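Peer 1: Pasting structure-v1.cif here (mmCIF, C-alpha atoms):
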data_run
loop_
_atom_site.label_atom_id
_atom_site.label_comp_id
_atom_site.auth_asym_id
_atom_site.auth_seq_id
_atom_site.Cartn_x
_atom_site.Cartn_y
_atom_site.Cartn_z
CA THR A 15 0.00 0.00 0.00
CA ASN A 16 1.06 3.60 -0.58
CA ASP A 17 0.85 6.29 2.09
CA VAL A 18 -1.49 9.15 1.18
CA LYS A 19 -0.91 12.60 2.64
CA ARG A 20 -3.72 15.12 2.86
CA LYS A 21 -3.81 18.50 4.54
CA ILE A 22 -6.04 21.53 4.85
CA PHE A 23 -5.44 24.87 6.49
CA ASN A 24 -8.24 26.75 8.22
CA TYR A 25 -7.90 29.90 10.29
CA ALA A 26 -10.57 31.87 12.10
CA ASN A 27 -10.55 35.05 14.14
CA PHE A 28 -13.47 36.40 16.17
CA MET A 29 -14.01 39.90 17.50
CA SER A 30 -16.87 41.51 19.40
CA ILE A 31 -17.76 44.60 21.36
CA GLU A 32 -20.35 45.03 24.10
CA TRP A 33 -22.52 48.05 24.70
CA SER A 34 -24.46 48.43 27.94
CA ALA A 35 -27.54 50.43 27.03
CA ASN A 36 -28.56 50.63 30.70
CA ASN A 37 -28.24 48.59 33.89
CA TRP A 38 -30.33 45.72 32.54
CA LEU A 39 -29.77 45.61 28.75
CA SER A 40 -26.53 44.89 26.90
CA ILE A 41 -25.93 44.41 23.18
CA ARG A 42 -22.96 42.56 21.70
CA PRO A 43 -22.33 42.47 17.94
CA GLY A 44 -19.70 40.04 16.68
CA TYR A 45 -17.75 39.23 13.54
CA ARG A 46 -15.86 36.05 12.65
CA LEU A 47 -13.47 35.84 9.71
CA ALA A 48 -12.70 32.33 8.47
CA LEU A 49 -9.90 31.62 5.99
CA SER A 50 -9.06 28.41 4.17
CA ASP A 51 -6.51 27.28 1.60
CA LYS A 52 -9.22 25.23 -0.13
CA PHE A 53 -12.36 27.39 0.03
CA ASP A 54 -13.35 31.03 -0.36
CA THR A 55 -13.22 33.29 2.69
CA GLN A 56 -16.27 33.15 4.96
CA HIS A 57 -17.75 36.01 6.97
CA ASN A 58 -19.95 35.29 9.99
CA TYR A 59 -21.95 37.96 11.80
CA SER A 60 -23.81 37.76 15.09
CA LEU A 61 -25.82 39.99 17.38
CA THR A 62 -26.55 39.13 21.01
CA ALA A 63 -28.98 41.05 23.20
CA ARG A 64 -29.02 40.23 26.92
CA ALA A 65 -31.69 41.41 29.33
CA LYS A 66 -30.90 41.09 33.03
CA VAL A 67 -34.39 40.98 34.50
CA THR A 68 -33.07 40.45 38.04
CA ASP A 69 -29.74 39.38 39.52
CA ASN A 70 -30.85 35.76 39.02
CA ASP A 71 -32.89 36.01 35.81
CA ASN A 72 -31.49 36.48 32.32
CA ILE A 73 -32.94 36.45 28.80
CA ARG A 74 -30.75 36.29 25.68
CA LEU A 75 -31.60 36.70 22.02
CA VAL A 76 -28.93 35.64 19.51
CA VAL A 77 -29.14 36.17 15.74
CA GLY A 78 -26.32 35.24 13.41
CA SER A 79 -25.03 33.55 10.32
CA ALA A 80 -24.10 29.86 10.41
CA ASN A 81 -21.39 29.26 7.83
CA ARG A 82 -18.91 26.37 8.09
CA PHE A 83 -16.09 24.80 6.11
CA PRO A 84 -16.00 21.02 5.61
CA ASN A 85 -13.58 19.48 8.12
CA PHE A 86 -10.76 17.03 7.42
CA ASP A 87 -12.82 13.89 8.13
CA GLU A 88 -15.67 14.99 5.87
CA LEU A 89 -13.26 15.63 3.02
CA TYR A 90 -10.74 12.81 3.28
CA THR A 91 -12.09 9.94 5.40
CA TYR A 92 -11.33 6.58 3.79
CA GLN A 93 -12.37 3.68 6.01
CA VAL A 94 -12.86 0.71 3.71
CA ASP A 95 -12.45 -2.88 4.85
CA SER A 96 -14.50 -6.06 5.04
CA ASN A 97 -16.87 -4.48 7.57
CA HIS A 98 -16.95 -0.77 6.64
CA ASP A 99 -17.11 1.51 3.64
CA ILE A 100 -17.15 5.12 4.82
CA GLN A 101 -15.62 7.72 2.55
CA GLY A 102 -15.14 11.45 2.54
CA ASN A 103 -15.99 13.68 -0.37
CA GLN A 104 -13.50 16.15 -1.81
CA ASP A 105 -16.28 17.82 -3.83
CA LEU A 106 -18.06 19.12 -0.73
CA THR A 107 -18.93 22.81 -0.60
CA PRO A 108 -19.05 24.94 2.58
CA GLU A 109 -22.28 25.33 4.51
CA THR A 110 -24.05 28.70 4.58
CA GLY A 111 -26.96 29.56 6.82
CA MET A 112 -28.49 31.56 9.64
CA THR A 113 -29.72 30.90 13.15
CA VAL A 114 -31.94 32.58 15.75
CA SER A 115 -31.96 31.57 19.40
CA LEU A 116 -33.91 32.73 22.47
CA ASN A 117 -32.68 31.61 25.89
CA ALA A 118 -33.83 32.21 29.46
CA ASP A 119 -32.34 31.04 32.75
CA LYS A 120 -33.12 31.49 36.42
CA LYS A 121 -31.13 30.79 39.59
CA ILE A 122 -32.83 29.98 42.90
CA VAL A 123 -31.32 29.60 46.37
CA THR A 124 -33.66 28.04 48.93
CA ASP A 125 -33.66 28.52 52.69
CA SER A 126 -32.82 24.84 53.09
CA GLY A 127 -29.53 25.26 51.22
CA TRP A 128 -30.43 24.07 47.73
CA ASN A 129 -28.91 25.88 44.75
CA LEU A 130 -31.28 25.45 41.81
CA GLY A 131 -31.10 26.47 38.18
CA VAL A 132 -33.70 26.21 35.45
CA GLY A 133 -33.48 27.21 31.83
CA ALA A 134 -35.31 27.03 28.54
CA SER A 135 -34.37 27.83 24.96
CA ALA A 136 -35.78 27.85 21.44
CA THR A 137 -33.53 27.76 18.37
CA TYR A 138 -34.19 28.01 14.65
CA LEU A 139 -31.53 26.97 12.13
CA LYS A 140 -31.57 27.13 8.35
CA VAL A 141 -28.60 25.87 6.33
CA LYS A 142 -27.84 25.57 2.63
CA ASP A 143 -25.48 22.76 1.53
CA ARG A 144 -25.59 21.07 4.94
CA ILE A 145 -22.89 18.37 5.22
CA GLU A 146 -24.10 14.98 6.44
CA LEU A 147 -23.20 11.31 6.16
CA ALA A 148 -25.51 9.49 3.73
CA GLN A 149 -25.94 5.88 2.75
CA THR A 150 -25.00 5.67 -0.93
CA SER A 151 -25.50 1.91 -1.38
CA ILE A 152 -27.53 -0.74 0.41
CA LEU A 153 -25.81 -3.88 -0.90
CA PRO A 154 -22.94 -3.59 -0.34
CA MET A 155 -23.50 -1.01 2.42
CA LYS A 156 -21.61 2.21 1.67
CA PHE A 157 -21.60 5.66 3.26
CA GLN A 158 -20.27 9.01 2.05
CA TYR A 159 -20.43 12.63 3.16
CA ILE A 160 -22.66 14.74 0.90
CA ASN A 161 -24.13 18.23 0.69
CA ILE A 162 -27.85 18.45 1.41
CA ASP A 163 -29.50 21.26 -0.54
CA ARG A 164 -31.60 22.57 2.35
CA PHE A 165 -31.66 21.86 6.08
CA GLU A 166 -34.12 23.46 8.52
CA SER A 167 -34.64 22.73 12.20
CA TYR A 168 -36.55 23.90 15.27
CA LEU A 169 -35.17 23.01 18.70
CA PHE A 170 -36.95 23.43 22.04
CA GLU A 171 -34.88 22.64 25.10
CA ALA A 172 -35.31 22.74 28.89
CA ASN A 173 -32.79 22.04 31.65
CA PHE A 174 -32.71 21.74 35.42
CA ARG A 175 -29.82 21.76 37.91
CA ALA A 176 -29.79 21.18 41.66
CA HIS A 177 -26.92 21.17 44.14
CA LYS A 178 -26.72 20.80 47.88
CA GLY A 179 -23.72 19.74 49.88
CA GLN A 180 -22.19 16.64 48.32
CA PHE A 181 -25.13 15.93 46.01
CA SER A 182 -25.84 17.33 42.55
CA LEU A 183 -28.47 16.56 39.95
CA SER A 184 -28.93 17.75 36.37
CA ALA A 185 -31.53 16.99 33.72
CA ASN A 186 -32.01 18.08 30.14
CA ALA A 187 -34.82 17.50 27.64
CA ALA A 188 -34.88 18.48 23.97
CA TYR A 189 -37.59 18.21 21.34
CA TYR A 190 -36.77 19.14 17.79
CA GLY A 191 -38.07 18.98 14.27
CA ILE A 192 -35.85 18.65 11.19
CA SER A 193 -36.62 19.10 7.52
CA LYS A 194 -34.12 18.07 4.84
CA SER A 195 -34.29 18.48 1.09
CA LEU A 196 -32.01 16.88 -1.48
CA ASN A 197 -32.20 17.47 -5.21
CA GLU A 198 -30.31 14.74 -7.10
CA SER A 199 -30.49 14.29 -10.88
CA GLY A 200 -33.73 16.28 -11.02
CA LEU A 201 -35.42 14.20 -8.30
CA ILE A 202 -36.37 15.94 -5.07
CA SER A 203 -36.60 14.08 -1.77
CA PRO A 204 -39.53 14.54 0.66
CA ASP A 205 -39.02 17.54 2.94
CA ASP A 206 -41.55 16.83 5.68
CA PHE A 207 -40.48 17.71 9.22
CA PHE A 208 -39.19 14.79 11.28
CA TYR A 209 -39.74 15.19 15.04
CA THR A 210 -37.86 13.44 17.81
CA PHE A 211 -37.06 13.70 21.54
CA GLU A 212 -33.83 13.42 23.52
CA GLY A 213 -33.22 13.53 27.24
CA ASN A 214 -30.48 12.92 29.77
CA LEU A 215 -30.13 12.75 33.53
CA ALA A 216 -27.02 12.85 35.73
CA ALA A 217 -26.70 12.46 39.50
CA ASN A 218 -23.50 12.76 41.54
CA TYR A 219 -22.68 12.20 45.18
CA THR A 220 -19.26 12.82 46.69
CA LEU A 221 -17.89 10.80 49.63
CA PRO A 222 -15.45 13.32 51.16
CA LYS A 223 -13.75 10.87 53.53
CA ILE A 224 -12.41 8.78 50.66
CA ASN A 225 -12.43 11.57 48.04
CA THR A 226 -14.67 9.54 45.74
CA THR A 227 -17.61 10.60 43.58
CA LEU A 228 -20.41 8.22 42.69
CA SER A 229 -22.17 9.05 39.44
CA LEU A 230 -25.28 7.85 37.68
CA PHE A 231 -26.00 8.75 34.06
CA TYR A 232 -29.00 8.09 31.85
CA LYS A 233 -29.51 9.18 28.25
CA TYR A 234 -32.45 8.67 25.92
CA THR A 235 -31.94 9.20 22.19
CA GLY A 236 -34.94 9.25 19.88
CA LYS A 237 -35.09 8.17 16.28
CA THR A 238 -32.66 9.75 13.84
CA GLN A 239 -32.93 10.46 10.14
CA MET A 240 -30.45 9.63 7.37
CA PHE A 241 -30.60 9.92 3.59
CA THR A 242 -30.29 6.74 1.54
CA LEU A 243 -29.32 7.50 -2.04
CA VAL A 244 -31.09 4.92 -4.17
CA SER A 245 -32.64 5.07 -7.62
CA ASP A 246 -35.93 6.28 -6.09
CA LEU A 247 -35.08 9.29 -3.95
CA THR A 248 -38.64 9.49 -2.63
CA SER A 249 -37.72 6.66 -0.28
CA SER A 250 -35.24 8.75 1.74
CA GLN A 251 -34.98 7.74 5.37
#
Will you turn the file into structure tokens for me?

Peer 2:
Amino acid sequence: TNDVKRKIFNYANFMSIEWSANNWLSIRPGYRLALSDKFDTQHNYSLTARAKVTDNDNIRLVVGSANRFPNFDELYTYQVDSNHDIQGNQDLTPETGMTVSLNADKKIVTDSGWNLGVGASATYLKVKDRIELAQTSILPMKFQYINIDRFESYLFEANFRAHKGQFSLSANAAYYGISKSLNESGLISPDDFFYTFEGNLAANYTLPKINTTLSLFYKYTGKTQMFTLVSDLTSSQ
């Protein structure tokens, strides 16, 4: 076999300024310049507005672009053996998109010594040329990174944290809907929204005498969606 050498160079620089309009509202615009030796320069812009309702209550609104270069694995992966056939794609194009997010969090300290935190968020994301791993053949089974023409998602998330003494507990729940559209050889895949749920729970207790932490983790992952490129694109999964 012959050794194959591949390399890419990416560089990014981010700058932002913050303006405090008053004692409860601050605004932070941002700019990110991304350079690559393989792709055209990308410009990302963002605007964050933070409202401090009380010392323990915050609301944030974030609006920005969502551009991204393909990474090394997506371009050059080559894992082919008797059990796998996963390949990168050197013809990938960078992602371009936009996102809007609204977040709120609250901290609570109880008289009994509990430190509590609750939060909720809603995020919208729209991306052109989204990069994802797709199944390109069923028999034999093959996978390759491709650009999806249009990707759109809505994410609703809630989290809870509790801490007292040596005990801590955290929980997170997320419900999201995803729509994907792929146009291949004049055939357009279904673009209905696919909805799923994810959740996780973590509990920790520290035994100070022996400096040991006992942890319990649970994670639930709902159904996922993947394109299968076959002769009839209407059967995407």

Peer 1: In terms of the shortest atom-to-atom distance over only C-alpha atoms, which of A:Asn24, A:Ser34, A:Gln93, A:Asn103 is closest to Ala48 of chain A?

Peer 2: A:Asn24

Peer 1: Which residues are close to Glu171 of chain A, i.e. within 6 Å by only C-alpha atoms, leaving aside same-chain residues fewer than 2 positions away? Reply as a short mmCIF file (atom, residue, chain, number, x, y, z; two decimals) with C-alpha atoms, in the frame of the given file.

Peer 2:
data_model
loop_
_atom_site.label_atom_id
_atom_site.label_comp_id
_atom_site.auth_asym_id
_atom_site.auth_seq_id
_atom_site.Cartn_x
_atom_site.Cartn_y
_atom_site.Cartn_z
CA ALA A 134 -35.31 27.03 28.54
CA SER A 135 -34.37 27.83 24.96
CA ALA A 187 -34.82 17.50 27.64
CA ALA A 188 -34.88 18.48 23.97
#

Peer 1: Between A:Ala216, A:Ile22, A:Val123, A:Val67, which is the closest to Asn36 of chain A once you count all atoms listed in the file?

Peer 2: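 Closest to Asn36 of chain A of all the choices is A:Val67.
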
Peer 1: Just how far from atom CA of Thr107 of chain A is atom CA of Ser79 of chain A, in Å to one decimal?

Peer 2: 16.5 Å

Peer 1: Just how far from atom CA of Asp54 of chain A is atom CA of Leu89 of chain A, in Å to one decimal?

Peer 2: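 According to the coordinates, atom CA of Leu89 of chain A and atom CA of Asp54 of chain A are separated by 15.8 Å.
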
Peer 1: Neighbours of Leu169 of chain A within 8 Å (only C-alpha atoms; same-chain residues fewer than 3 positions away dropped), as a list in words?

Peer 2: Ser135, Ala136, Thr137, Tyr138, Ala188, Tyr189, Tyr190 and Gly191 of chain A

Peer 1: Could you tell me how far atom CA of Leu139 of chain A sits from atom CA of Met112 of chain A, in Å to one decimal place?

Peer 2: 6.0 Å

Peer 1: Using the chain letters and residue numbers of this document, give as a ChimeraX atom specification the residues selected by the PyMOL selection byres ((chain A and resi 121) around 12).

Peer 2: /A:67-72,118-120,122-124,128-133,173-177

Peer 1: Here is a test: counting all atoms listed in the file, which residue of A:Glu198, A:Glu146, A:Asp163, A:Asp95 is nearest to Gln239 of chain A?

Peer 2: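 Closest to Gln239 of chain A, using all atoms listed in the file: A:Glu146.
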
Peer 1: Determine, counting all atoms listed in the file, which protein, DNA and RNA residues have an atom within 10 Å of an atom of Asp99 of chain A; residues of the same chain fewer than 4 positions away are not included. Present the result as a list in words.

Peer 2: Thr91, Tyr92, Gln93, Val94, Asp95, Gln149, Ser151, Pro154, Met155, Lys156, Phe157 and Gln158 of chain A
